[in-house]
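Here is the file target-v3.tsv (TSV, C-alpha atoms).
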```tsv
chain	number	residue	atom	x	y	z
T	1	MET	CA	22.86	43.65	-45.32
T	2	VAL	CA	21.08	41.49	-47.75
T	3	ASP	CA	23.95	41.45	-50.19
T	4	ASP	CA	26.23	39.66	-47.73
T	5	THR	CA	24.47	36.38	-47.98
T	6	ILE	CA	23.91	35.18	-51.41
T	7	VAL	CA	22.27	31.85	-51.32
T	8	ALA	CA	22.36	29.67	-54.37
T	9	PRO	CA	18.91	28.63	-55.46
T	10	ALA	CA	18.14	25.10	-54.39
T	11	PRO	CA	18.75	22.77	-57.29
T	12	ALA	CA	15.85	20.69	-58.43
T	13	PRO	CA	16.29	17.07	-57.31
T	14	ALA	CA	18.23	15.38	-60.06
T	15	PRO	CA	17.49	11.80	-61.03
T	16	ARG	CA	20.96	10.65	-59.95
T	17	HIS	CA	20.19	11.70	-56.37
T	18	ARG	CA	17.21	9.44	-56.26
T	19	ARG	CA	18.96	6.49	-54.68
T	20	ARG	CA	20.45	8.63	-51.91
T	21	THR	CA	17.02	10.11	-51.18
T	22	ASN	CA	15.64	6.61	-50.81
T	23	VAL	CA	18.30	5.82	-48.23
T	24	GLY	CA	17.36	9.05	-46.45
T	25	ASP	CA	13.72	8.05	-46.54
T	26	ARG	CA	14.56	4.70	-45.08
T	27	VAL	CA	16.60	6.27	-42.27
T	28	ARG	CA	13.80	8.73	-41.58
T	29	PHE	CA	11.30	5.87	-41.57
T	30	VAL	CA	13.34	3.88	-39.07
T	31	LEU	CA	14.00	6.90	-36.83
T	32	ARG	CA	10.36	7.88	-36.88
T	33	GLY	CA	9.45	4.30	-35.98
T	34	ILE	CA	11.85	4.32	-33.02
T	35	GLY	CA	10.58	7.74	-31.93
T	36	GLN	CA	6.95	6.67	-32.07
T	37	THR	CA	7.74	3.45	-30.19
T	38	LEU	CA	9.49	5.37	-27.42
T	39	ILE	CA	6.65	7.88	-27.14
T	40	THR	CA	4.17	5.02	-27.03
T	41	LEU	CA	6.15	3.25	-24.29
T	42	GLY	CA	6.29	6.52	-22.34
T	43	LEU	CA	2.54	6.89	-22.56
T	44	ILE	CA	2.06	3.28	-21.43
T	45	VAL	CA	4.27	3.88	-18.39
T	46	LEU	CA	2.26	7.02	-17.57
T	47	LEU	CA	-0.94	5.02	-17.91
T	48	PHE	CA	0.53	2.39	-15.58
T	49	ALA	CA	1.13	5.09	-12.97
T	50	VAL	CA	-2.52	6.12	-13.35
T	51	TYR	CA	-3.49	2.49	-12.87
T	52	GLU	CA	-1.36	2.09	-9.73
T	53	VAL	CA	-2.42	5.23	-7.87
T	54	TRP	CA	-6.01	5.45	-9.05
T	55	ILE	CA	-7.58	2.37	-10.59
T	56	THR	CA	-6.22	-0.07	-7.99
T	57	ASN	CA	-7.66	2.17	-5.26
T	58	ILE	CA	-11.14	1.96	-6.75
T	59	PHE	CA	-11.12	-1.83	-6.59
T	60	ALA	CA	-9.35	-1.94	-3.22
T	61	HIS	CA	-11.77	0.49	-1.58
T	62	ARG	CA	-14.66	-1.58	-2.85
T	63	ALA	CA	-13.08	-4.77	-1.45
T	64	GLN	CA	-12.31	-3.01	1.85
T	65	ALA	CA	-15.89	-1.74	2.19
T	66	LYS	CA	-17.16	-5.28	1.67
T	67	VAL	CA	-14.85	-6.73	4.35
T	68	TYR	CA	-15.64	-3.85	6.75
T	69	ASN	CA	-19.40	-4.27	6.38
T	70	ALA	CA	-19.14	-8.05	6.74
T	71	LEU	CA	-17.18	-7.60	9.97
T	72	GLN	CA	-19.67	-5.08	11.37
T	73	ASN	CA	-22.52	-7.46	10.57
T	74	GLU	CA	-20.70	-10.32	12.23
T	75	TRP	CA	-20.20	-8.21	15.36
T	76	LYS	CA	-23.84	-7.15	15.41
T	77	GLN	CA	-24.86	-10.80	15.20
T	78	GLY	CA	-22.74	-11.44	18.27
T	79	LYS	CA	-20.01	-13.31	16.44
T	80	ASP	CA	-16.39	-12.52	17.22
T	81	PRO	CA	-13.94	-13.89	14.65
T	82	LEU	CA	-11.21	-13.67	17.31
T	83	ALA	CA	-13.09	-15.62	19.99
T	84	LEU	CA	-11.63	-19.01	19.24
T	85	PRO	CA	-11.08	-22.00	21.47
T	86	ALA	CA	-7.45	-22.05	22.68
T	87	ASN	CA	-6.61	-19.16	20.36
T	88	LYS	CA	-6.62	-21.30	17.25
T	89	ILE	CA	-6.05	-18.33	15.02
T	90	SER	CA	-5.29	-20.55	12.05
T	91	THR	CA	-9.02	-21.22	11.79
T	92	ILE	CA	-9.86	-17.59	10.91
T	93	PRO	CA	-10.67	-17.53	7.18
T	94	LEU	CA	-7.88	-15.79	5.25
T	95	GLY	CA	-8.95	-12.43	3.86
T	96	SER	CA	-11.80	-11.95	6.31
T	97	GLY	CA	-12.01	-8.99	8.70
T	98	ILE	CA	-10.75	-9.40	12.28
T	99	ALA	CA	-10.48	-5.86	13.67
T	100	VAL	CA	-10.72	-2.18	12.73
T	101	LEU	CA	-7.71	0.13	12.70
T	102	TYR	CA	-7.93	3.86	13.56
T	103	ILE	CA	-5.02	6.29	13.51
T	104	PRO	CA	-6.04	9.76	14.78
T	105	ARG	CA	-2.92	11.37	13.27
T	106	LEU	CA	-4.14	10.36	9.81
T	107	GLY	CA	-7.54	11.94	10.21
T	108	ARG	CA	-10.93	11.41	11.78
T	109	ASP	CA	-12.24	9.38	8.86
T	110	TYR	CA	-9.20	7.10	8.70
T	111	HIS	CA	-10.34	3.58	9.43
T	112	PHE	CA	-9.56	0.23	7.85
T	113	ALA	CA	-10.78	-3.25	8.56
T	114	ILE	CA	-7.72	-5.42	9.20
T	115	VAL	CA	-8.00	-8.75	7.38
T	116	GLN	CA	-6.53	-12.07	8.36
T	117	GLY	CA	-3.47	-12.80	6.23
T	118	SER	CA	-1.25	-15.77	5.54
T	119	ALA	CA	2.02	-16.33	7.40
T	120	VAL	CA	3.21	-13.70	4.94
T	121	PRO	CA	0.13	-11.80	3.68
T	122	ASP	CA	-0.34	-12.14	-0.08
T	123	ASP	CA	-1.64	-9.74	-2.72
T	124	SER	CA	-5.24	-10.95	-2.60
T	125	GLN	CA	-5.41	-10.24	1.16
T	126	LEU	CA	-3.50	-6.96	1.02
T	127	GLU	CA	-5.82	-5.67	-1.68
T	128	LYS	CA	-8.71	-5.87	0.79
T	129	GLY	CA	-6.94	-3.98	3.54
T	130	PRO	CA	-4.06	-4.10	6.00
T	131	ALA	CA	-3.39	-7.79	6.60
T	132	HIS	CA	-2.40	-9.57	9.80
T	133	TYR	CA	0.66	-11.83	9.69
T	134	ARG	CA	-1.15	-15.02	10.69
T	135	ASP	CA	1.56	-16.44	12.93
T	136	THR	CA	1.99	-13.28	14.98
T	137	GLN	CA	-0.19	-12.43	17.99
T	138	LEU	CA	-3.75	-11.11	17.90
T	139	PRO	CA	-4.70	-7.57	18.96
T	140	GLY	CA	-3.97	-6.91	22.63
T	141	GLN	CA	-2.04	-10.13	23.23
T	142	ILE	CA	1.41	-10.20	24.80
T	143	GLY	CA	3.83	-10.50	21.90
T	144	ASN	CA	3.67	-8.80	18.54
T	145	PHE	CA	0.48	-8.10	16.58
T	146	SER	CA	1.92	-7.52	13.09
T	147	VAL	CA	0.14	-6.04	10.12
T	148	ALA	CA	1.28	-5.37	6.54
T	149	GLY	CA	-0.32	-2.72	4.33
T	150	HIS	CA	0.08	-1.07	0.96
T	151	ARG	CA	1.73	2.33	0.74
T	152	VAL	CA	0.82	3.41	-2.82
T	153	GLY	CA	-2.35	2.22	-4.51
T	154	LYS	CA	-4.43	-0.84	-3.52
T	155	GLY	CA	-6.29	1.25	-0.95
T	156	GLU	CA	-2.98	2.65	0.36
T	157	PRO	CA	-3.78	2.23	4.10
T	158	PHE	CA	-0.17	2.94	5.10
T	159	LEU	CA	0.51	5.79	2.64
T	160	ASN	CA	1.20	8.31	5.40
T	161	ILE	CA	2.53	6.00	8.06
T	162	ASP	CA	5.78	7.98	8.01
T	163	LYS	CA	3.80	10.93	9.45
T	164	LEU	CA	3.33	9.12	12.78
T	165	ARG	CA	5.26	10.60	15.71
T	166	SER	CA	6.43	8.93	18.89
T	167	GLY	CA	3.56	8.53	21.33
T	168	ASP	CA	0.88	8.78	18.64
T	169	PRO	CA	-2.09	6.51	19.36
T	170	VAL	CA	-2.83	3.61	17.02
T	171	ILE	CA	-6.25	2.22	17.88
T	172	VAL	CA	-7.43	-1.31	17.18
T	173	GLU	CA	-11.09	-2.14	17.71
T	174	THR	CA	-12.14	-5.74	18.07
T	175	LYS	CA	-15.57	-7.03	18.99
T	176	SER	CA	-14.61	-7.25	22.64
T	177	HIS	CA	-12.04	-4.47	23.13
T	178	TRP	CA	-10.63	-1.12	22.11
T	179	TYR	CA	-6.85	-1.34	22.22
T	180	VAL	CA	-4.76	1.83	22.23
T	181	TYR	CA	-1.19	1.30	21.12
T	182	ARG	CA	1.30	4.14	21.12
T	183	VAL	CA	4.18	4.54	18.69
T	184	LEU	CA	7.48	3.82	20.42
T	185	GLY	CA	10.27	6.31	20.93
T	186	SER	CA	10.68	9.13	23.40
T	187	PRO	CA	10.06	11.91	23.99
T	188	ALA	CA	6.46	11.89	22.72
T	189	GLY	CA	6.04	13.96	19.57
T	190	SER	CA	9.57	13.34	18.35
T	191	ASP	CA	10.53	11.63	15.12
T	192	PRO	CA	10.24	7.91	15.91
T	193	GLN	CA	12.94	7.03	13.37
T	194	ASP	CA	15.52	5.10	15.38
T	195	ASN	CA	14.21	6.81	18.49
T	196	THR	CA	13.72	4.05	21.03
T	197	THR	CA	11.66	3.03	24.04
T	198	ASP	CA	13.03	0.53	26.53
T	199	ILE	CA	10.79	-2.52	26.59
T	200	PRO	CA	10.85	-4.52	29.84
T	201	VAL	CA	11.73	-8.20	29.64
T	202	LYS	CA	11.26	-10.87	32.33
T	203	GLY	CA	14.44	-11.69	34.20
T	204	ARG	CA	16.79	-9.35	32.34
T	205	ASP	CA	17.42	-5.75	31.40
T	206	ALA	CA	14.94	-3.81	29.30
T	207	VAL	CA	15.81	-3.65	25.61
T	208	PRO	CA	15.46	-0.63	23.30
T	209	VAL	CA	13.02	-0.85	20.37
T	210	PRO	CA	12.71	1.97	17.82
T	211	GLY	CA	9.39	3.61	16.92
T	212	ARG	CA	10.21	3.48	13.23
T	213	GLU	CA	12.93	1.79	11.23
T	214	ILE	CA	13.83	1.20	7.61
T	215	VAL	CA	14.99	-2.36	7.06
T	216	ASP	CA	16.02	-4.79	4.39
T	217	PRO	CA	13.10	-6.69	2.78
T	218	SER	CA	14.45	-9.96	4.23
T	219	ASP	CA	14.46	-8.70	7.84
T	220	GLY	CA	11.75	-10.83	9.45
T	221	ASP	CA	13.07	-10.05	12.95
T	222	VAL	CA	10.89	-6.93	13.08
T	223	LEU	CA	7.91	-9.24	13.65
T	224	LEU	CA	9.37	-10.91	16.75
T	225	PRO	CA	7.63	-10.64	20.15
T	226	ILE	CA	10.35	-8.12	21.03
T	227	PRO	CA	11.19	-6.70	17.60
T	228	ASP	CA	14.82	-7.09	16.50
T	229	HIS	CA	15.65	-9.23	19.55
T	230	PRO	CA	15.62	-12.88	18.42
T	231	GLU	CA	17.32	-13.94	21.66
T	232	ILE	CA	14.20	-13.18	23.70
T	233	PRO	CA	11.54	-15.93	23.58
T	234	LEU	CA	7.83	-15.15	23.73
T	235	GLN	CA	7.49	-16.51	27.28
T	236	ASP	CA	9.94	-13.89	28.54
T	237	THR	CA	7.98	-10.98	27.09
T	238	GLU	CA	5.39	-9.07	29.06
T	239	VAL	CA	4.43	-6.29	26.68
T	240	ALA	CA	1.90	-6.22	23.81
T	241	ILE	CA	3.58	-4.76	20.73
T	242	MET	CA	2.02	-3.84	17.40
T	243	THR	CA	4.14	-3.71	14.24
T	244	MET	CA	3.15	-2.27	10.87
T	245	THR	CA	5.14	-3.00	7.72
T	246	THR	CA	4.97	-1.32	4.32
T	247	CYS	CA	7.24	-0.55	1.39
T	248	HIS	CA	9.93	2.11	1.35
T	249	PRO	CA	10.64	4.30	-0.51
T	250	LYS	CA	7.09	4.65	-1.81
T	251	PHE	CA	6.31	2.46	-4.82
T	252	THR	CA	9.40	0.27	-4.53
T	253	ALA	CA	10.53	-3.08	-3.25
T	254	SER	CA	13.99	-2.01	-2.14
T	255	HIS	CA	13.32	-1.59	1.62
T	256	ARG	CA	10.54	-1.84	4.18
T	257	MET	CA	9.27	0.84	6.53
T	258	ILE	CA	8.44	-0.58	9.95
T	259	VAL	CA	6.50	1.19	12.71
T	260	HIS	CA	6.39	-0.31	16.20
T	261	ALA	CA	3.88	0.62	18.88
T	262	GLN	CA	3.24	-0.57	22.42
T	263	LEU	CA	-0.11	-1.28	24.08
T	264	ASP	CA	-0.95	1.66	26.33
T	265	LYS	CA	-4.44	0.75	27.47
T	266	SER	CA	-7.37	-1.40	26.57
T	267	LEU	CA	-11.06	-0.82	27.11
T	268	THR	CA	-13.57	-3.61	27.27
T	269	VAL	CA	-16.61	-3.23	25.09
T	270	ASN	CA	-19.70	-3.55	27.22
T	271	LEU	CA	-20.52	-7.10	26.22
T	272	GLY	CA	-24.18	-7.58	26.89
T	273	SER	CA	-26.85	-9.75	25.44
T	274	GLY	CA	-26.50	-8.84	21.79
T	275	ASN	CA	-27.14	-5.12	22.16
T	276	GLU	CA	-23.55	-3.97	22.57
T	277	ASP	CA	-22.70	-0.39	21.87
T	278	PHE	CA	-20.22	-0.27	19.02
T	279	ALA	CA	-19.91	3.51	19.08
T	280	MET	CA	-16.45	4.88	19.78
T	281	PRO	CA	-16.05	5.42	23.56
T	282	ALA	CA	-15.49	9.00	24.71
T	283	SER	CA	-12.01	8.23	26.02
T	284	ILE	CA	-11.04	6.98	22.56
T	285	GLN	CA	-12.58	10.01	20.87
T	286	ARG	CA	-10.48	12.27	23.08
T	287	LEU	CA	-7.38	10.80	21.44
T	288	TYR	CA	-8.39	12.63	18.25
T	289	ASN	CA	-8.19	15.99	20.00
T	290	GLU	CA	-4.72	15.01	21.14
T	291	ALA	CA	-3.71	14.49	17.52
T	292	ALA	CA	-5.19	17.83	16.49
T	293	ALA	CA	-3.30	19.65	19.24
J	1	MET	CA	2.61	3.03	-37.56
J	2	TYR	CA	0.30	5.86	-36.58
J	3	VAL	CA	0.51	7.27	-40.10
J	4	TRP	CA	-0.35	3.87	-41.51
J	5	ILE	CA	-3.39	3.57	-39.23
J	6	TRP	CA	-4.53	7.10	-40.08
J	7	ARG	CA	-4.27	6.34	-43.82
J	8	HIS	CA	-6.28	3.15	-43.51
J	9	LEU	CA	-9.15	4.62	-41.50
J	10	PRO	CA	-12.12	5.23	-43.80
J	11	GLY	CA	-14.12	8.43	-44.08
J	12	PRO	CA	-13.45	12.17	-43.81
J	13	VAL	CA	-11.20	13.70	-41.15
J	14	ALA	CA	-13.96	14.11	-38.55
J	15	VAL	CA	-14.96	10.48	-38.83
J	16	LYS	CA	-11.31	9.41	-38.70
J	17	LEU	CA	-10.83	11.47	-35.53
J	18	ALA	CA	-13.81	9.80	-33.88
J	19	GLN	CA	-12.41	6.39	-34.76
J	20	VAL	CA	-9.02	7.33	-33.36
J	21	LEU	CA	-10.62	8.36	-30.05
J	22	VAL	CA	-12.47	5.04	-29.87
J	23	LEU	CA	-9.27	3.13	-30.63
J	24	VAL	CA	-7.29	5.02	-27.98
J	25	ALA	CA	-10.06	4.38	-25.44
J	26	LEU	CA	-10.13	0.68	-26.29
J	27	VAL	CA	-6.38	0.29	-25.98
J	28	SER	CA	-6.36	2.22	-22.67
J	29	LEU	CA	-9.14	0.07	-21.21
J	30	LEU	CA	-7.38	-3.09	-22.34
J	31	LEU	CA	-4.18	-1.93	-20.65
J	32	LEU	CA	-5.85	-0.69	-17.43
J	33	PHE	CA	-8.15	-3.62	-16.79
J	34	VAL	CA	-6.48	-6.59	-18.44
J	35	VAL	CA	-2.78	-6.12	-19.14
J	36	PHE	CA	-1.72	-4.16	-16.03
J	37	PRO	CA	-3.55	-6.33	-13.45
J	38	TRP	CA	-1.98	-9.36	-15.09
J	39	ILE	CA	1.54	-7.97	-15.31
J	40	GLU	CA	1.64	-6.18	-11.95
J	41	PRO	CA	2.28	-9.13	-9.59
J	42	HIS	CA	5.42	-9.90	-11.59
J	43	LEU	CA	6.89	-6.43	-11.12
J	44	PRO	CA	9.20	-5.59	-8.22
J	45	ILE	CA	7.04	-2.77	-6.90
J	46	ASN	CA	4.81	-2.23	-3.90
J	47	GLN	CA	6.08	-5.13	-1.84
J	48	VAL	CA	5.09	-4.46	1.73
J	49	THR	CA	5.84	-7.62	3.68
J	50	VAL	CA	8.83	-9.12	5.45
J	51	PRO	CA	9.28	-12.87	5.77
J	52	GLY	CA	7.48	-14.37	8.78
J	53	ASN	CA	9.40	-16.23	11.44
```

Hey, can you dump this file as structure tokens for me?
Amino acid sequence: MVDDTIVAPAPAPAPRHRRRTNVGDRVRFVLRGIGQTLITLGLIVLLFAVYEVWITNIFAHRAQAKVYNALQNEWKQGKDPLALPANKISTIPLGSGIAVLYIPRLGRDYHFAIVQGSAVPDDSQLEKGPAHYRDTQLPGQIGNFSVAGHRVGKGEPFLNIDKLRSGDPVIVETKSHWYVYRVLGSPAGSDPQDNTTDIPVKGRDAVPVPGREIVDPSDGDVLLPIPDHPEIPLQDTEVAIMTMTTCHPKFTASHRMIVHAQLDKSLTVNLGSGNEDFAMPASIQRLYNEAAA
Amino acid sequence: MYVWIWRHLPGPVAVKLAQVLVLVALVSLLLLFVVFPWIEPHLPINQVTVPGN
């Protein structure tokens, strides 16, 4: 019923209320200012996310293409950045391409030139592509060939590295060889997280190494010749390991995701007199069908 | 702040709108290509390495 609610007509603002209204205005002004500031900050954070996952990729892909093309040209000219007297790897220019990485599980068009990094690869190197920890071994060598790569933005080479399963091939092409590493852990096809493979060691029992592990950011032992086994010196190892490091969870600095693989086979590129065939060998191409199966 | 800017932009509403779009674009570009690249290395995000041995 309408009669139930009799509302008094709003009184016209009286002059004596003026001061109180001013206080109200001031409060409203301050609140509106805070509200607008918060909304603005929110928009800036959103824009930062756009920057991280989109803009950085544009620049990184451009830088990666440059390094990749430079490496291909070097190879075609018969120069191998890894062919150094007495393996003086410290003479490879930082940030230049040394090898090409293929991971069939991540798609047929997945390939990245791996660049030479510092002892701990820095931002300028990682922006170009996955970067080799300078003081670790080179592709195919006994020991640990370790590579760091971005997970979100900056070309995001290791975005889907958590999709790798035990036994998955990780292929590294150098001027002279095709190296096929396989993610550790058994049985093949299982989740490599803390699923181990026994790695043989000279003069003692084999030691288990996981295919994938999540570690503290300070855990440098994952880069050792036998990962996580500081007691085993390089001269006692007889297996070529490859280790990939990236951030975990995505976007953060709280942990690192580590994937370990073991050299399964290597093919020599037919090194001729400058007219080498750089096309992917058939036996390497077959690995892609394996991933599709 | 936004009200203040809107009040101080000259011209009719359509012209003001155009100016606002230009301003937003300018600020976005400044953030994306100058401020963020500069600030990013100092943020604890996207760290992918472990210390070498």

Given only C-alpha atoms as the basis, pick out the residue of T:Thr252, T:Ser266, T:Thr91, T:Thr243 nearest to T:Val180. T:Ser266

Give as an NGL selection string every residue of chain T that touches chain J within 8 Å, counting all atoms listed in the file. :T and (33 or 36 or 47-48 or 51 or 55 or 119-121 or 123 or 133 or 135 or 148-152 or 217-221 or 223-224 or 245-247 or 250-253 or 256)

How far is it from atom CA of T:Gly78 to atom CA of T:Pro93, in Å with one decimal?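 Separation of atom CA of T:Gly78 and atom CA of T:Pro93: 17.5 Å.
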
Within 8 Å of T:Tyr68, counting all atoms listed in the file, which residues qualify if same-chain residues fewer than 2 places away don't, as a list in words?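 Once the nearby chain positions are removed, what remains is Gln64, Ala65, Lys66, Ala70, Leu71, Gln72, Gly97, Val100, Phe112 and Ala113 of chain T.
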
Save the residues we just selected, C-alpha atoms, as an mmCIF file, in the coordinates of the input?
```cif
data_model
loop_
_atom_site.group_PDB
_atom_site.id
_atom_site.type_symbol
_atom_site.label_atom_id
_atom_site.label_comp_id
_atom_site.auth_asym_id
_atom_site.auth_seq_id
_atom_site.Cartn_x
_atom_site.Cartn_y
_atom_site.Cartn_z
ATOM 1 C CA GLN T 64 -12.310 -3.010 1.850
ATOM 2 C CA ALA T 65 -15.890 -1.740 2.190
ATOM 3 C CA LYS T 66 -17.160 -5.280 1.670
ATOM 4 C CA ALA T 70 -19.140 -8.050 6.740
ATOM 5 C CA LEU T 71 -17.180 -7.600 9.970
ATOM 6 C CA GLN T 72 -19.670 -5.080 11.370
ATOM 7 C CA GLY T 97 -12.010 -8.990 8.700
ATOM 8 C CA VAL T 100 -10.720 -2.180 12.730
ATOM 9 C CA PHE T 112 -9.560 0.230 7.850
ATOM 10 C CA ALA T 113 -10.780 -3.250 8.560
#
```

Show me, as a PyMOL selection string, the residues that have an atom within 12 Å of T:Glu290 when counting only C-alpha atoms, minus same-chain residues fewer than 6 positions from it. chain T and resi 103-105+107-108+167-169+188-189+283-284

Stretch 190-202 of chain T: which residues within 8 Å, counting only C-alpha atoms, same-chain residues fewer than 2 positions away excluded, as an mmCIF file with C-alpha atoms, in the frame of the given file?
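As written to disk, part_36.cif reads:
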```cif
data_model
loop_
_atom_site.group_PDB
_atom_site.id
_atom_site.type_symbol
_atom_site.label_atom_id
_atom_site.label_comp_id
_atom_site.auth_asym_id
_atom_site.auth_seq_id
_atom_site.Cartn_x
_atom_site.Cartn_y
_atom_site.Cartn_z
ATOM 1 C CA LEU T 164 3.330 9.120 12.780
ATOM 2 C CA ARG T 165 5.260 10.600 15.710
ATOM 3 C CA SER T 166 6.430 8.930 18.890
ATOM 4 C CA VAL T 183 4.180 4.540 18.690
ATOM 5 C CA LEU T 184 7.480 3.820 20.420
ATOM 6 C CA GLY T 185 10.270 6.310 20.930
ATOM 7 C CA SER T 186 10.680 9.130 23.400
ATOM 8 C CA PRO T 187 10.060 11.910 23.990
ATOM 9 C CA ALA T 188 6.460 11.890 22.720
ATOM 10 C CA ARG T 204 16.790 -9.350 32.340
ATOM 11 C CA ASP T 205 17.420 -5.750 31.400
ATOM 12 C CA ALA T 206 14.940 -3.810 29.300
ATOM 13 C CA VAL T 207 15.810 -3.650 25.610
ATOM 14 C CA PRO T 208 15.460 -0.630 23.300
ATOM 15 C CA VAL T 209 13.020 -0.850 20.370
ATOM 16 C CA PRO T 210 12.710 1.970 17.820
ATOM 17 C CA GLY T 211 9.390 3.610 16.920
ATOM 18 C CA ARG T 212 10.210 3.480 13.230
ATOM 19 C CA GLU T 213 12.930 1.790 11.230
ATOM 20 C CA ILE T 226 10.350 -8.120 21.030
ATOM 21 C CA ASP T 236 9.940 -13.890 28.540
ATOM 22 C CA THR T 237 7.980 -10.980 27.090
ATOM 23 C CA GLU T 238 5.390 -9.070 29.060
ATOM 24 C CA VAL T 239 4.430 -6.290 26.680
#
```

Between atom CA of T:Leu126 and atom CA of T:Lys154, what distance in Å does the model show, to one decimal?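 Those two atoms sit 7.7 Å apart.
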
Mind pulling up the distance from atom CA of T:Val147 to atom CA of T:Met244? 4.9 Å

Using only C-alpha atoms, can you list as a list in words the residues within 9 Å of (-7.5, -2.0, 12.8)?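 Output of the proximity query reads Ile98, Ala99, Val100, Leu101, Tyr102, Ile103, His111, Phe112, Ala113, Ile114, Val115, Pro130, Pro139, Val170, Ile171, Val172, Glu173 and Thr174 of chain T.
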
Taking 6 positions as the minimum chain separation for residues in the same chain, which residues sit within 6 Å of T:Ala240 when counting all atoms listed in the file? Answer as a ChimeraX atom specification. /T:141-143,262-263

Name all residues at most 12 Å from J:Leu23 (count all atoms listed in the file; drop same-chain ones fewer than 5 positions away) and give them as a PyMOL selection string. chain J and resi 2+5-6+9+16-18+28-30

Would you mind completing stretch 21-37 of chain J so that it carries N, CA and C atoms, and writing it out as a short mmCIF file (atom, residue, chain, number, x, y, z; two decimals), keeping the file's coordinate frame?
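Generated file (result16.cif):
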```cif
data_model
loop_
_atom_site.label_atom_id
_atom_site.label_comp_id
_atom_site.auth_asym_id
_atom_site.auth_seq_id
_atom_site.Cartn_x
_atom_site.Cartn_y
_atom_site.Cartn_z
N LEU J 21 -10.28 8.25 -31.48
CA LEU J 21 -10.62 8.36 -30.05
C LEU J 21 -11.11 7.01 -29.51
N VAL J 22 -11.96 6.35 -30.30
CA VAL J 22 -12.47 5.04 -29.87
C VAL J 22 -11.32 4.05 -29.72
N LEU J 23 -10.40 4.06 -30.69
CA LEU J 23 -9.27 3.13 -30.63
C LEU J 23 -8.41 3.39 -29.39
N VAL J 24 -8.11 4.68 -29.14
CA VAL J 24 -7.29 5.02 -27.98
C VAL J 24 -7.99 4.56 -26.70
N ALA J 25 -9.30 4.80 -26.62
CA ALA J 25 -10.06 4.38 -25.44
C ALA J 25 -9.99 2.86 -25.26
N LEU J 26 -10.17 2.15 -26.36
CA LEU J 26 -10.13 0.68 -26.29
C LEU J 26 -8.78 0.18 -25.79
N VAL J 27 -7.72 0.72 -26.38
CA VAL J 27 -6.38 0.29 -25.98
C VAL J 27 -6.14 0.62 -24.51
N SER J 28 -6.55 1.83 -24.07
CA SER J 28 -6.36 2.22 -22.67
C SER J 28 -7.09 1.26 -21.73
N LEU J 29 -8.36 0.97 -22.07
CA LEU J 29 -9.14 0.07 -21.21
C LEU J 29 -8.50 -1.31 -21.14
N LEU J 30 -8.04 -1.78 -22.29
CA LEU J 30 -7.38 -3.09 -22.34
C LEU J 30 -6.16 -3.10 -21.42
N LEU J 31 -5.37 -2.01 -21.49
CA LEU J 31 -4.18 -1.93 -20.65
C LEU J 31 -4.57 -1.85 -19.17
N LEU J 32 -5.52 -0.95 -18.83
CA LEU J 32 -5.85 -0.69 -17.43
C LEU J 32 -6.50 -1.89 -16.75
N PHE J 33 -7.35 -2.60 -17.47
CA PHE J 33 -8.15 -3.62 -16.79
C PHE J 33 -7.76 -5.05 -17.12
N VAL J 34 -6.90 -5.23 -18.10
CA VAL J 34 -6.48 -6.59 -18.44
C VAL J 34 -4.96 -6.75 -18.32
N VAL J 35 -4.23 -5.93 -19.07
CA VAL J 35 -2.78 -6.12 -19.14
C VAL J 35 -2.11 -5.77 -17.81
N PHE J 36 -2.41 -4.58 -17.25
CA PHE J 36 -1.72 -4.16 -16.03
C PHE J 36 -2.02 -5.08 -14.84
N PRO J 37 -3.30 -5.42 -14.58
CA PRO J 37 -3.55 -6.33 -13.45
C PRO J 37 -2.82 -7.67 -13.61
#
```
